[in-house]
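Peer 1: To start, I am sharing the structure in question, which I have written as structure tokens.
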Amino acid sequence: MRSGAKIGIITGVSIAVLAGGGYGAYSLINGSDSDSGGKKARTVVAEPPSAEQATAGAKDFLAAWASGDIAKAASLTDDPAAATTALTAFRDQVKPSALTLTPTGPTTQQVFSSATGTPSPAKPGAGASATPSAGTPSATDSPSPTATPGPTGTLMSFKARAEFEGTNRAWDYQGFLGVVKMSDDTPAVHWAPTVIHPHLSGNETIATQQVFAPPSTVVDRNGKPLQGASLTPALMNTLQDNAQKLLPPDPAKDQDSGKAVVINDPAGKAAPDKLFTIIEPKPGKPFKVTIDNAVQAVAEKAMTDLGGKQGSVVAIEPSTGQVLAFANSPANGQNRAFTGLLAPGSTMKIVTSAALLENGINPDSVVACPEKSSNAVAIPNDFPGAFPNNTLQQDFMVSCNTAFINQGLTSLKPETLSSTAKDVFGIGLEWKTGLPNADGKVPATPGSKDEQAMNYIGQGKVQMNPLAIASITATVQSGAFKQPVLVAGLPQQAAARQISPDVAGKLRAMMNATAVGGTASQVMAGITDNAGAKTGSAEVQGASTTNSWFTAYRGNIAVAAEVQGGGHGVDAAGPAVASILKAAAGR
């Protein structure tokens, strides 16, 4: 039985009906005392059935079900409508070629619990039979108050054998049902999903479906066994599960599939419960991801070299959006490269620059760099002095906060930064990378001019992670947004519009100038050919040291890193990014 079997203490009507004292009955017709013809409705009574009635009720129901007479089987329950639906679904979805159901007599809650691997609950009150119900998330959790009630009345067991076409394998399992007494002195099976199978609850489905053997191994893009401390088994298992759901059907892969009876949760909150393998799948083939082991090794070392500081890095292939590497510090903690959300500091000026360029400001346009910004809560630069004759490109190279704030407030509408981030760079499109990821956030409607000002420089309520920033840089390098993926062939969201060749070219020139002679020049020395970069440092409330951000591209690789409490961009994140660009020379 899977972890989290759906078995628990009986709830609701089972106790009320069967417990001694305060006897009552419930109607089969929506609680009414009579049917449309004025006849008294057939109801379940509190008195338990006799041993003979319980035996006969179970035997007749199982005989009808096994013979395929669903209408008769359903009529022998206390909820014919629900029973008809469930039994029909079992016939049509599980598709047994033959079904043998053999009564095995009365049983106990302890036997039921033992058969399903669930601890026995406390004994019910006097007068109540031990009865299972549909249950709980795990064997140690309390039963859910909304769980579908299991069998009530006298608990009976049976042996089930289902046979299937195309195989001599037979599925044998022990079943359970409860028999109650009706107001016309006849027995009836108390209907619950557990009658079909003890693991089944009311919101789940049971069916035969394709199953695949697990991959023989996980390999990188070059077919070599995947290596990397940050590529934990848990993450790779999640990646394989998600890829199987997201990848389009592969006829060749279907030839390797097997068939099994599986319980599924339509909401996707519970793992599939494979009950029986009808046909074994062929041995699994290697599962190939987009990671490049050589790049991954450098990324892991870059994180190790942080000396215990928390951080993360992502490398992307701009031409495809494929993730070449990601690493975290610590390696076995949160996958902050994908799921972290932090203010990205001045790396956000790439997006702000794109918005300004699209609104008529050119790299050589004069955009003054005063000591403080013009908004009410004035923002300073992290360097002294004013530079009234600076151009936009010079402001980008030295990362002048005040220039980007003032020009943004003058030239851009409040919603422009958010729309540019989403429509051009794909930020906020709910990427399906193969692993859980937190989408970058750029407020569509800033609450004030001060918030708007902070957003332009990657502070305020703007939040990103290295995956998002690396993708932004990759978009600049290639001239088109390619949603990051970890498995080739995964569906990729498309941005609403492509960045214009003119704007992309100007951004590349600005980033190259920053790598050659701006704030990034120290760490980019010797790797400025066909390259560009942007530094960032993000202030954090209550922290004395800023977070370090750095992003750059060179050839067909774009990289972004963040280091918590790492200081300026060139202090910690910059060396991490540069080490990867150097190792990936020639891409």
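Lettering and numbering for the structure tokens are positional, with chains as A, B, ... in the shown order, residues counted from 1 in each chain, and ligands counted from 1 in the shown order.
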Once DSSP has gone over the backbone, tell me which residues of range 308-534 of chain A are in strand (DSSP E), as JSON, numbers by chain.
Peer 2: {"A": [311, 312, 313, 314, 315, 316, 317, 322, 323, 324, 325, 326, 327, 328, 329, 531, 532, 533, 534]}
Peer 1: Mind dumping a table of every range 64-124 of chain A residue within 12 Å of range 261-270 of chain A, with the nearest atom pair and its distance in Å to one decimal, using only C-alpha atoms, sorted by chain and rising number, as JSON lines?
Peer 2:
{"residue": "A:Phe90", "atom": "CA", "partner": "A:Val261", "partner_atom": "CA", "distance": 10.5}
{"residue": "A:Gln93", "atom": "CA", "partner": "A:Val261", "partner_atom": "CA", "distance": 9.2}
{"residue": "A:Val94", "atom": "CA", "partner": "A:Val261", "partner_atom": "CA", "distance": 6.7}
{"residue": "A:Lys95", "atom": "CA", "partner": "A:Val261", "partner_atom": "CA", "distance": 9.6}
{"residue": "A:Pro96", "atom": "CA", "partner": "A:Val261", "partner_atom": "CA", "distance": 10.1}
Peer 1: Next, write the just-selected residues to a file, as a PDB file, in the first residue's frame, keeping all heavy atoms as the atom set.
Peer 2:
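Ended up saving to result-v5.pdb:
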ATOM      1  N   PHE A  90     -15.675   1.361 -12.935  1.00  0.00           N
ATOM      2  CA  PHE A  90     -14.730   0.249 -12.754  1.00  0.00           C
ATOM      3  C   PHE A  90     -14.737  -0.656 -13.987  1.00  0.00           C
ATOM      4  O   PHE A  90     -13.685  -1.043 -14.498  1.00  0.00           O
ATOM      5  CB  PHE A  90     -15.104  -0.541 -11.499  1.00  0.00           C
ATOM      6  CG  PHE A  90     -14.187  -1.697 -11.210  1.00  0.00           C
ATOM      7  CD1 PHE A  90     -13.013  -1.509 -10.505  1.00  0.00           C
ATOM      8  CD2 PHE A  90     -14.494  -2.986 -11.660  1.00  0.00           C
ATOM      9  CE1 PHE A  90     -12.147  -2.576 -10.241  1.00  0.00           C
ATOM     10  CE2 PHE A  90     -13.645  -4.049 -11.405  1.00  0.00           C
ATOM     11  CZ  PHE A  90     -12.468  -3.846 -10.697  1.00  0.00           C
ATOM     12  N   GLN A  93     -13.274   1.530 -17.051  1.00  0.00           N
ATOM     13  CA  GLN A  93     -11.929   2.089 -16.936  1.00  0.00           C
ATOM     14  C   GLN A  93     -10.878   1.036 -16.557  1.00  0.00           C
ATOM     15  O   GLN A  93      -9.755   1.078 -17.034  1.00  0.00           O
ATOM     16  CB  GLN A  93     -11.916   3.233 -15.906  1.00  0.00           C
ATOM     17  CG  GLN A  93     -12.844   4.386 -16.257  1.00  0.00           C
ATOM     18  CD  GLN A  93     -12.494   5.027 -17.580  1.00  0.00           C
ATOM     19  OE1 GLN A  93     -11.322   5.185 -17.911  1.00  0.00           O
ATOM     20  NE2 GLN A  93     -13.509   5.406 -18.347  1.00  0.00           N
ATOM     21  N   VAL A  94     -11.236   0.107 -15.700  1.00  0.00           N
ATOM     22  CA  VAL A  94     -10.301  -0.960 -15.347  1.00  0.00           C
ATOM     23  C   VAL A  94     -10.319  -2.058 -16.409  1.00  0.00           C
ATOM     24  O   VAL A  94      -9.301  -2.670 -16.714  1.00  0.00           O
ATOM     25  CB  VAL A  94     -10.620  -1.523 -13.953  1.00  0.00           C
ATOM     26  CG1 VAL A  94      -9.701  -2.683 -13.599  1.00  0.00           C
ATOM     27  CG2 VAL A  94     -10.484  -0.415 -12.902  1.00  0.00           C
ATOM     28  N   LYS A  95     -11.500  -2.308 -16.966  1.00  0.00           N
ATOM     29  CA  LYS A  95     -11.668  -3.223 -18.106  1.00  0.00           C
ATOM     30  C   LYS A  95     -11.195  -4.652 -17.833  1.00  0.00           C
ATOM     31  O   LYS A  95     -10.431  -5.229 -18.609  1.00  0.00           O
ATOM     32  CB  LYS A  95     -10.947  -2.672 -19.328  1.00  0.00           C
ATOM     33  CG  LYS A  95     -11.420  -1.296 -19.761  1.00  0.00           C
ATOM     34  CD  LYS A  95     -10.614  -0.770 -20.942  1.00  0.00           C
ATOM     35  CE  LYS A  95     -11.072   0.622 -21.326  1.00  0.00           C
ATOM     36  NZ  LYS A  95     -10.270   1.192 -22.441  1.00  0.00           N
ATOM     37  N   PRO A  96     -11.659  -5.263 -16.767  1.00  0.00           N
ATOM     38  CA  PRO A  96     -11.294  -6.674 -16.569  1.00  0.00           C
ATOM     39  C   PRO A  96     -12.037  -7.557 -17.581  1.00  0.00           C
ATOM     40  O   PRO A  96     -13.199  -7.286 -17.908  1.00  0.00           O
ATOM     41  CB  PRO A  96     -11.748  -6.953 -15.138  1.00  0.00           C
ATOM     42  CG  PRO A  96     -12.873  -5.994 -14.911  1.00  0.00           C
ATOM     43  CD  PRO A  96     -12.519  -4.756 -15.682  1.00  0.00           C
TER      44      PRO A  96
END
Peer 1: Restricting the calculation to only C-alpha atoms: of A:Ala86, A:Ala343, A:Val577, A:Ala531, which residue gets closest to Gly202 in chain A?
Peer 2: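 Of the candidates, the smallest distance to Gly202 in chain A is held by A:Ala86.
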Peer 1: So how far away is CA of Gln394 in chain A from CA of Ala368 in chain A, in Å?
Peer 2: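 For CA of Ala368 in chain A relative to CA of Gln394 in chain A, the distance reads 9.9 Å.
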Peer 1: From a DSSP calculation on the backbone, collect every residue of range 34-88 of chain A in alpha helix (DSSP H) and output the set as an MDAnalysis selection string.
Peer 2: chainID A and resid 51:67 70:75 80:88
Peer 1: Between A:Thr290, A:Gln244, A:Thr100, A:Gln53, which one has atoms that come closest to Val180 in chain A, using only C-alpha atoms?
Peer 2: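 Among the listed residues, A:Gln53 lies closest to Val180 in chain A.
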Peer 1: As a compact mmCIF listing (two decimals) with C-alpha atoms, in the first residue's frame, please: the residues near range 564-573 of chain A (cut-off 6 Å, only C-alpha atoms, same-chain neighbours under 5 positions excluded).
Peer 2:
# COMPACT_ATOMS: atom_id res chain seq x y z
CA GLN A 310 24.04 31.52 0.48
CA GLY A 311 23.75 32.01 -3.25
CA THR A 535 26.27 44.42 -12.17
CA GLY A 536 23.78 44.75 -9.35
CA SER A 537 23.70 45.23 -5.63
CA THR A 545 25.59 44.35 3.50
CA THR A 546 23.87 44.37 0.13
CA ASN A 547 23.09 41.25 -1.88
CA SER A 548 25.48 40.77 -4.79
CA TRP A 549 24.05 40.26 -8.32
CA PHE A 550 25.80 39.84 -11.66
Peer 1: Tell me which of A:Pro248, A:Gly223, A:Gly175, A:Gly518 sits closest to Ser399 in chain A, counting only C-alpha atoms.
Peer 2: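 Comparing A:Pro248, A:Gly223, A:Gly175, A:Gly518 against Ser399 in chain A, the winner is A:Gly518.
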Peer 1: Could you name the residues that touch Leu235 in chain A at 9 Å or less, counting only C-alpha atoms, but leaving out those on the same chain fewer than 5 positions away, as a PyMOL selection string?
Peer 2: chain A and resi 230+240+335+435
Peer 1: Kindly export the residues of the current selection with N, CA and C atoms, as a short mmCIF file (atom, residue, chain, number, x, y, z; two decimals), in the first residue's frame.
Peer 2:
data_model
loop_
_atom_site.label_atom_id
_atom_site.label_comp_id
_atom_site.auth_asym_id
_atom_site.auth_seq_id
_atom_site.Cartn_x
_atom_site.Cartn_y
_atom_site.Cartn_z
N SER A 230 24.17 19.98 -6.54
CA SER A 230 22.89 20.69 -6.50
C SER A 230 21.79 19.94 -7.23
N GLN A 240 11.76 14.34 -13.70
CA GLN A 240 11.28 13.23 -14.53
C GLN A 240 9.76 13.14 -14.50
N ASN A 335 16.23 25.12 -3.73
CA ASN A 335 16.71 25.41 -5.09
C ASN A 335 16.44 26.88 -5.38
N LEU A 435 11.04 21.88 -13.43
CA LEU A 435 11.14 21.94 -11.97
C LEU A 435 10.28 23.08 -11.46
#
Peer 1: What is the CA of Gln407 in chain A to CA of Val476 in chain A distance in Å?
Peer 2: 21.3 Å
Peer 1: Of the residues A:Ala63, A:Ala207, A:Ala578, A:Ile279, which is the one nearest to Ala170 in chain A, using only C-alpha atoms?
Peer 2: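 That would be A:Ile279, the residue with the smallest distance to Ala170 in chain A.
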Peer 1: Quick one: of A:Pro370, A:Pro251, A:Pro380, A:Gly460, who's nearest to Met348 in chain A, counting only C-alpha atoms?
Peer 2: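 Of A:Pro370, A:Pro251, A:Pro380, A:Gly460, the one nearest Met348 in chain A is A:Gly460, counting only C-alpha atoms.
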Peer 1: Measuring atom to atom with only C-alpha atoms, identify which of A:Ile196, A:Ile278, A:Ala453, A:Ala509 is nearest to Thr528 in chain A.
Peer 2: A:Ala509
Peer 1: At a cut-off of 10 Å, using only C-alpha atoms, what residues contact Arg508 in chain A? Leave out same-chain residues fewer than 6 positions from it and give the result as a PyMOL selection string.
Peer 2: chain A and resi 350+473+476-479+514+530-533+553
Peer 1: Give me, as a list in words, all polymer residues having an atom no more than 8 Å from Met182 in chain A, counting only C-alpha atoms and skipping those fewer than 2 positions away in the same chain.
Peer 2: Arg42, Thr43, Val44, Val45, Val180, Asp184, Asp185, Thr186, Pro187 and Ala188 of chain A
